[in-house]
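Engineer: So I've got this file, query-v3.cif, and it contains mmCIF, C-alpha atoms:
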```
data_model
loop_
_atom_site.label_atom_id
_atom_site.label_comp_id
_atom_site.auth_asym_id
_atom_site.auth_seq_id
_atom_site.Cartn_x
_atom_site.Cartn_y
_atom_site.Cartn_z
CA MET A 115 40.78 -18.74 -29.38
CA GLU A 116 41.27 -15.98 -26.83
CA LYS A 117 39.43 -16.21 -23.53
CA THR A 118 37.76 -12.82 -24.07
CA SER A 119 36.35 -14.02 -27.38
CA ILE A 120 34.90 -17.09 -25.67
CA LEU A 121 33.26 -14.87 -23.04
CA LYS A 122 31.66 -12.58 -25.61
CA PRO A 123 28.47 -14.67 -26.13
CA PHE A 124 27.96 -14.92 -22.35
CA LEU A 125 28.61 -11.22 -21.72
CA GLY A 126 26.53 -10.32 -24.77
CA ALA A 127 23.57 -12.28 -23.38
CA ILE A 128 23.83 -10.47 -20.05
CA PHE A 129 23.99 -7.08 -21.80
CA ILE A 130 20.95 -7.89 -23.95
CA TYR A 131 19.00 -9.12 -20.91
CA LEU A 132 19.79 -5.96 -18.96
CA THR A 133 18.69 -3.89 -21.97
CA PHE A 134 15.36 -5.74 -22.13
CA LEU A 135 14.94 -5.35 -18.35
CA TYR A 136 15.63 -1.60 -18.56
CA LEU A 137 13.05 -1.19 -21.33
CA TYR A 138 10.52 -3.20 -19.34
CA LEU A 139 11.03 -1.34 -16.04
CA PHE A 140 10.56 2.00 -17.78
CA ASP A 141 7.35 0.81 -19.48
CA HIS A 142 8.73 0.58 -23.03
CA LEU A 143 7.91 -3.14 -23.10
CA THR A 144 4.95 -5.09 -21.75
CA GLY A 145 5.49 -8.15 -19.60
CA MET A 146 4.52 -10.31 -22.57
CA ASP A 147 7.11 -8.55 -24.78
CA PHE A 148 9.79 -9.01 -22.14
CA ALA A 149 9.11 -12.73 -21.72
CA LEU A 150 8.96 -13.38 -25.49
CA LEU A 151 12.21 -11.51 -26.12
CA LEU A 152 13.96 -13.59 -23.47
CA LEU A 153 12.57 -16.74 -25.08
CA LEU A 154 13.84 -15.54 -28.45
CA LEU A 155 17.27 -14.86 -26.93
CA THR A 156 17.35 -18.39 -25.51
CA VAL A 157 16.40 -19.93 -28.86
CA THR A 158 19.05 -17.82 -30.63
CA ASN A 159 21.74 -19.11 -28.29
CA ILE A 160 20.60 -22.70 -28.84
CA VAL A 161 20.81 -22.18 -32.62
CA PHE A 162 24.37 -20.88 -32.28
CA ILE A 163 25.32 -23.99 -30.30
CA PHE A 164 24.67 -26.01 -33.44
CA VAL A 165 26.17 -23.41 -35.77
CA THR A 166 29.45 -23.51 -33.84
CA PHE A 167 29.35 -27.27 -33.34
CA LYS A 168 32.90 -27.80 -34.68
CA LEU A 169 34.35 -24.97 -32.58
CA LYS A 170 34.43 -26.63 -29.19
CA ALA A 171 35.36 -23.57 -27.10
CA LEU A 172 32.86 -21.26 -28.78
CA ARG A 173 30.15 -23.93 -28.62
CA ARG A 174 30.73 -24.18 -24.87
CA ALA A 175 30.40 -20.40 -24.58
CA PHE A 176 27.03 -20.43 -26.35
CA LEU A 177 25.98 -23.41 -24.21
CA PHE A 178 26.58 -21.41 -21.02
CA SER A 179 24.89 -18.41 -22.59
CA ALA A 180 21.84 -20.52 -23.52
CA LEU A 181 21.69 -21.94 -19.99
CA LEU A 182 21.83 -18.44 -18.51
CA THR A 183 19.08 -17.05 -20.74
CA PHE A 184 16.92 -20.14 -20.10
CA ILE A 185 17.19 -19.54 -16.34
CA LEU A 186 16.42 -15.85 -16.80
CA PHE A 187 13.44 -16.67 -19.01
CA ASN A 188 11.99 -18.98 -16.34
CA TYR A 189 12.55 -16.36 -13.64
CA GLU A 190 10.92 -13.58 -15.67
CA PHE A 191 8.25 -15.72 -17.32
CA SER A 192 5.49 -14.58 -14.95
CA THR A 193 5.93 -10.91 -15.88
CA PHE A 194 3.27 -11.19 -18.59
CA ILE A 195 0.71 -12.19 -15.94
CA LEU A 196 1.45 -8.94 -14.10
CA ASP A 197 0.24 -6.94 -17.10
CA GLU A 198 -3.30 -7.57 -15.84
CA THR A 199 -2.80 -5.28 -12.83
CA GLU A 200 -3.74 -1.81 -14.03
CA SER A 201 -4.07 0.16 -10.80
CA ILE A 202 -3.84 -0.01 -7.02
CA VAL A 203 -6.53 1.66 -4.91
CA LEU A 204 -5.68 2.89 -1.42
CA PHE A 205 -8.69 3.39 0.83
CA TYR A 206 -9.71 4.29 4.37
CA GLN A 207 -9.46 1.60 7.00
CA PRO A 208 -10.61 2.53 10.54
CA SER A 209 -7.89 2.68 13.17
CA GLU A 210 -8.07 -0.04 15.79
CA GLU A 211 -7.35 -0.18 19.51
CA VAL A 212 -6.09 -3.77 19.64
CA VAL A 213 -5.66 -3.85 23.43
CA PRO A 214 -8.68 -2.14 25.06
CA ASN A 215 -8.20 0.89 27.32
CA THR A 216 -4.60 1.57 26.27
CA GLY A 217 -5.45 4.49 23.98
CA VAL A 218 -3.03 3.19 21.32
CA TYR A 219 -4.58 2.77 17.89
CA VAL A 220 -3.10 0.90 14.93
CA LEU A 221 -3.19 3.06 11.80
CA GLY A 222 -3.72 1.02 8.66
CA VAL A 223 -4.61 1.56 5.02
CA GLY A 224 -6.66 -0.72 2.80
CA SER A 225 -5.42 -1.55 -0.69
CA ALA A 226 -6.78 -3.43 -3.68
CA GLU A 227 -5.19 -4.36 -7.01
CA LEU A 228 -7.50 -3.86 -9.97
CA GLY A 229 -7.23 -5.53 -13.35
CA LYS A 230 -7.92 -3.88 -16.68
CA GLY A 231 -11.41 -2.40 -16.80
CA ALA A 232 -12.14 -3.17 -13.14
CA THR A 233 -13.45 -0.51 -10.77
CA LEU A 234 -13.93 -0.26 -7.02
CA HIS A 235 -17.04 1.54 -5.78
CA PHE A 236 -17.38 3.15 -2.35
CA TYR A 237 -20.56 4.09 -0.52
CA ASN A 238 -18.66 7.15 0.67
CA GLU A 239 -16.25 8.36 -2.00
CA ALA A 240 -14.20 10.07 0.72
CA ASP A 241 -13.04 6.57 1.69
CA ARG A 242 -10.97 6.47 -1.50
CA PHE A 243 -7.55 7.95 -0.75
CA GLU A 244 -5.73 7.43 -4.02
CA ASN A 245 -5.69 5.53 -7.31
CA ILE A 246 -2.11 4.54 -8.17
CA THR A 247 -1.37 3.59 -11.76
CA ALA A 248 0.47 0.27 -11.76
CA THR A 249 3.81 0.69 -13.52
CA ASN A 250 6.11 -2.15 -14.53
CA ASN A 251 8.51 -1.03 -11.80
CA ILE A 252 5.81 -1.55 -9.15
CA ARG A 253 4.77 -4.87 -10.67
CA TYR A 254 8.36 -6.11 -10.85
CA ARG A 255 9.16 -5.27 -7.22
CA SER A 256 6.01 -7.07 -6.11
CA LYS A 257 6.91 -10.13 -8.18
CA ASN A 258 10.45 -10.27 -6.81
CA ASP A 259 9.23 -9.95 -3.23
CA GLY A 260 6.84 -12.85 -3.80
CA ILE A 261 9.55 -15.07 -5.32
CA PHE A 262 12.10 -14.24 -2.61
CA GLU A 263 9.54 -15.04 0.09
CA LEU A 264 8.63 -18.32 -1.66
CA LEU A 265 12.32 -19.32 -1.76
CA ASN A 266 12.80 -18.21 1.87
CA LEU A 267 15.32 -15.59 0.74
CA LYS A 268 13.19 -12.89 2.32
CA GLU A 269 10.85 -13.10 5.29
CA ASN A 270 7.22 -12.29 4.70
CA SER A 271 6.41 -8.87 6.16
CA VAL A 272 3.66 -10.27 8.39
CA GLU A 273 5.96 -13.02 9.65
CA ASP A 274 8.66 -10.43 10.23
CA MET A 275 6.27 -8.36 12.35
CA ARG A 276 5.05 -11.40 14.28
CA ASP A 277 8.61 -12.55 15.05
CA SER A 278 9.80 -9.06 16.03
CA VAL A 279 6.82 -8.31 18.31
CA GLN A 280 6.91 -11.68 20.05
CA HIS A 281 10.70 -11.57 20.48
CA TYR A 282 10.69 -8.05 21.91
CA LEU A 283 7.82 -8.66 24.32
CA SER A 284 8.78 -12.23 25.26
CA ASP A 285 5.15 -12.73 26.23
CA THR A 286 2.08 -11.31 24.47
CA ASN A 287 -1.53 -11.08 25.62
CA SER A 288 -4.49 -12.73 23.95
CA GLU A 289 -5.64 -9.63 22.03
CA ILE A 290 -2.24 -9.19 20.38
CA ASN A 291 -1.96 -12.90 19.59
CA GLU A 292 -5.40 -12.82 18.00
CA PHE A 293 -4.41 -9.79 15.91
CA LEU A 294 -1.13 -11.39 14.77
CA ASN A 295 -2.94 -14.56 13.67
CA ARG A 296 -5.49 -12.87 11.42
CA GLU A 297 -5.63 -14.33 7.94
CA ASP A 298 -6.23 -10.95 6.29
CA LEU A 299 -3.22 -9.29 7.93
CA ASP A 300 -0.88 -7.51 5.53
CA GLY A 301 2.38 -5.62 6.10
CA ASN A 302 4.38 -4.99 9.26
CA SER A 303 3.46 -1.39 10.14
CA ALA A 304 1.38 -2.38 13.20
CA GLY A 305 4.45 -3.64 15.08
CA LEU A 306 5.17 -0.50 17.07
CA ALA A 307 1.54 0.00 18.09
CA LEU A 308 1.24 -3.61 19.28
CA VAL A 309 4.36 -3.38 21.43
CA LEU A 310 3.30 -0.04 22.97
CA SER A 311 -0.18 -1.43 23.67
CA SER A 312 1.23 -4.46 25.47
CA ILE A 313 3.68 -2.45 27.57
CA LEU A 314 1.06 0.10 28.65
CA HIS A 315 -1.35 -2.72 29.48
CA GLU A 316 1.17 -4.72 31.52
CA LYS A 317 2.54 -1.73 33.42
CA LYS A 318 -1.00 -0.48 33.95
CA GLU A 319 0.16 3.00 32.99
CA THR A 320 -2.53 5.56 32.24
CA ASN A 321 -2.81 7.03 28.79
CA ASN A 322 -5.66 9.52 28.53
CA LEU A 323 -5.17 10.21 24.84
CA GLY A 324 -6.24 8.45 21.67
CA ILE A 325 -2.87 8.05 19.95
CA GLY A 326 -2.57 6.89 16.36
CA VAL A 327 0.59 4.82 15.87
CA THR A 328 2.31 3.38 12.81
CA GLY A 329 5.76 1.89 12.40
CA ALA A 330 7.56 -1.41 11.97
CA ILE A 331 10.08 -2.63 14.55
CA ASN A 332 12.95 -5.09 14.64
CA LYS A 333 13.67 -7.56 17.43
CA ARG A 334 15.71 -4.97 19.34
CA GLY A 335 12.85 -2.46 19.34
CA LYS A 336 14.29 -0.13 16.73
CA VAL A 337 11.58 1.56 14.68
CA ARG A 338 11.71 1.19 10.90
CA GLU A 339 10.09 3.19 8.11
CA ILE A 340 6.80 2.12 6.56
CA GLY A 341 4.69 3.04 3.54
CA HIS A 342 1.49 5.00 2.92
CA VAL A 343 2.19 7.49 5.71
CA LYS A 344 0.15 10.25 4.04
CA GLU A 345 -2.96 8.09 4.05
CA LYS A 346 -2.40 6.97 7.65
CA ILE A 347 -2.15 10.57 8.84
CA GLN A 348 -5.47 11.27 7.13
CA THR A 349 -6.97 8.23 8.88
CA ALA A 350 -5.73 9.43 12.26
CA ALA A 351 -7.32 12.85 11.79
CA ARG A 352 -10.55 11.33 10.47
CA ASP A 353 -10.81 9.05 13.52
CA GLY A 354 -10.29 11.95 15.92
CA HIS A 355 -6.75 11.19 17.10
CA THR A 356 -5.02 14.42 18.08
CA HIS A 357 -1.61 12.79 18.58
CA VAL A 358 0.29 10.52 16.18
CA ILE A 359 3.57 8.60 16.45
CA VAL A 360 5.44 7.66 13.25
CA PRO A 361 8.94 6.35 12.47
CA HIS A 362 11.48 9.19 12.45
CA GLY A 363 12.32 8.29 8.87
CA ASN A 364 8.71 9.05 7.87
CA LEU A 365 8.37 12.26 9.90
CA LYS A 366 9.02 14.65 7.01
CA GLU A 367 6.34 12.94 4.89
CA ALA A 368 3.90 12.94 7.82
CA LEU A 369 4.40 16.65 8.53
CA LYS A 370 3.89 17.43 4.85
CA ALA A 371 0.57 15.56 4.93
CA LYS A 372 -0.44 17.51 8.04
CA LYS A 373 0.31 20.78 6.24
CA ASP A 374 -1.26 19.78 2.90
CA PHE A 375 -4.54 18.70 4.52
CA ASN A 376 -4.48 21.40 7.23
CA LEU A 377 -4.82 18.87 10.05
CA GLY A 378 -4.88 19.88 13.71
CA ILE A 379 -2.83 17.00 15.05
CA GLU A 380 0.52 16.67 16.79
CA ILE A 381 3.00 14.34 15.10
CA VAL A 382 6.26 13.00 16.55
CA GLY A 383 8.84 10.75 14.88
CA VAL A 384 10.66 8.12 16.96
CA ASN A 385 13.61 5.78 16.48
CA SER A 386 12.84 3.20 19.17
CA VAL A 387 10.12 1.74 21.37
CA GLU A 388 11.70 3.41 24.42
CA GLU A 389 11.57 6.78 22.69
CA ALA A 390 7.90 6.26 21.82
CA LEU A 391 7.10 5.41 25.46
CA GLY A 392 8.82 8.61 26.51
CA VAL A 393 6.71 10.60 24.06
CA ILE A 394 3.49 9.07 25.41
CA GLU A 395 4.57 9.82 28.99
CA SER A 396 5.38 13.41 28.01
CA TRP A 397 2.01 13.90 26.31
CA ASN A 398 0.23 12.63 29.45
CA SER A 399 2.22 14.70 31.93
CA PRO A 400 0.18 17.32 33.88
CA SER A 401 2.31 20.16 32.49
CA ASN A 402 1.49 19.27 28.89
#
```
Could the structure of this file be written out as structure tokens, please?
Structural biologist:
Amino acid sequence: MEKTSILKPFLGAIFIYLTFLYLYLFDHLTGMDFALLLLLLTVTNIVFIFVTFKLKALRRAFLFSALLTFILFNYEFSTFILDETESIVLFYQPSEEVVPNTGVYVLGVGSAELGKGATLHFYNEADRFENITATNNIRYRSKNDGIFELLNLKENSVEDMRDSVQHYLSDTNSEINEFLNREDLDGNSAGLALVLSSILHEKKETNNLGIGVTGAINKRGKVREIGHVKEKIQTAARDGHTHVIVPHGNLKEALKAKKDFNLGIEIVGVNSVEEALGVIESWNSPSN
């Protein structure tokens, strides 16, 4: 039997899996449908192992195919649990000056995943920024991130921020350490603000402004893009910050939010911690 013929069951299983995955990601299948179809594909391959029992080469091909689909089924099994998440609510979270008297405020956004039929009530409805409908694409990315972090194939975003901030600063003060060890901490977008706060505090440089800051950093101090910039710009304006620093990669989105909401704030995008420090110095110069 030709080698290509032996590979057909294996390649066919991959093609069918990718078809199911495509239909799931574009919301044509529920998570339950996706998991059951993968189970059915696994069972079908097992049946063909016995059907081709006397054809050793073909039986081996279906054996590998069955093993592959069984692994894929176990990896994707949890997708049906994700069906319960119906929407994600983004809401106002007050900015925070982690290190007192530095004038650098961490811009954050609260978020909550809601199941089917669940609602989130606010005393002030203006605190609700956006209701995002949970699509299978969003659910799937979240699931993969969780699995990769569990298998240590991807660093948790909070751990990534903690490692980057502590590596860049070498030594951190008590306020920053306390912030980094919070149990409710989520994401890595406070990294830039924490580093700027520490540097301004240690150098005892004067910053007379209330500056809203958001941005992740790596261990070399390069600033990386973050999410929910539109909501963070709204938070900055709501908390009275007239100046905001964002990652350069998010600048276009931030300026659009400024225009859409007619906000009287100055926004600058930066690529590094050093660049951000230069911006703060420029804003505080007598000629500005």
Engineer: Please write as a PyMOL selection string the full residue list that the PyMOL selection byres ((chain A and resi 216-225) around 8) yields on this file.
Structural biologist: chain A and resi 202-215+226-227+303-304+307-308+310-311+314-315+320-328+342+345-346+349-350
Engineer: Choose the residue, out of A:Met275, A:Thr356, A:Leu172, A:Ser201, that has the smallest atom-to-atom separation from Leu234 (chain A); count only C-alpha atoms.
Structural biologist: A:Ser201
Engineer: Could you list the residues chosen by the PyMOL selection byres ((chain A and resi 174-188) around 6) in this structure as a CSV table (one decimal) with C-alpha atoms, in the frame of the given file?
Structural biologist:
```csv
chain,number,residue,atom,x,y,z
A,120,ILE,CA,34.9,-17.1,-25.7
A,123,PRO,CA,28.5,-14.7,-26.1
A,124,PHE,CA,28.0,-14.9,-22.4
A,152,LEU,CA,14.0,-13.6,-23.5
A,156,THR,CA,17.4,-18.4,-25.5
A,159,ASN,CA,21.7,-19.1,-28.3
A,160,ILE,CA,20.6,-22.7,-28.8
A,163,ILE,CA,25.3,-24.0,-30.3
A,171,ALA,CA,35.4,-23.6,-27.1
A,172,LEU,CA,32.9,-21.3,-28.8
A,173,ARG,CA,30.2,-23.9,-28.6
A,189,TYR,CA,12.6,-16.4,-13.6
A,190,GLU,CA,10.9,-13.6,-15.7
A,191,PHE,CA,8.2,-15.7,-17.3
```
Engineer: With distances taken over only C-alpha atoms, which of A:Pro361, A:His142, A:Lys344, A:Ser271 is nearest to Glu244 (chain A)?
Structural biologist: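 Of the candidates, the smallest distance to Glu244 (chain A) is held by A:Lys344.
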Engineer: Can you pull out every residue within 7 Å of region 377-383 of chain A, counting only C-alpha atoms, but drop anything in the same chain fewer than 3 positions away, and send it as a list in words?
Structural biologist: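 Within the cut-off, the hits are Ala351, Thr356, His357, Val358, Ile359, Val360, Pro361, His362, Leu365, Lys372 and Lys373 of chain A.
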Engineer: Report as a VMD selection string the full result of the PyMOL selection byres ((chain A and resi 290) around 8) when it is applied to this structure.
Structural biologist: chain A and resid 212 to 213 286 to 289 291 to 294 308 312
Engineer: What's the separation between CA of Lys333 (chain A) and CA of Asp353 (chain A), in Å to one decimal place?
Structural biologist: 29.8 Å
Engineer: Taking into account all atoms listed in the file, which residue in the set A:Ala232, A:Leu391, A:Leu143, A:Leu169 is nearest to Asp197 (chain A)?
Structural biologist: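 Among the listed residues, the smallest separation from Asp197 (chain A) belongs to A:Leu143.
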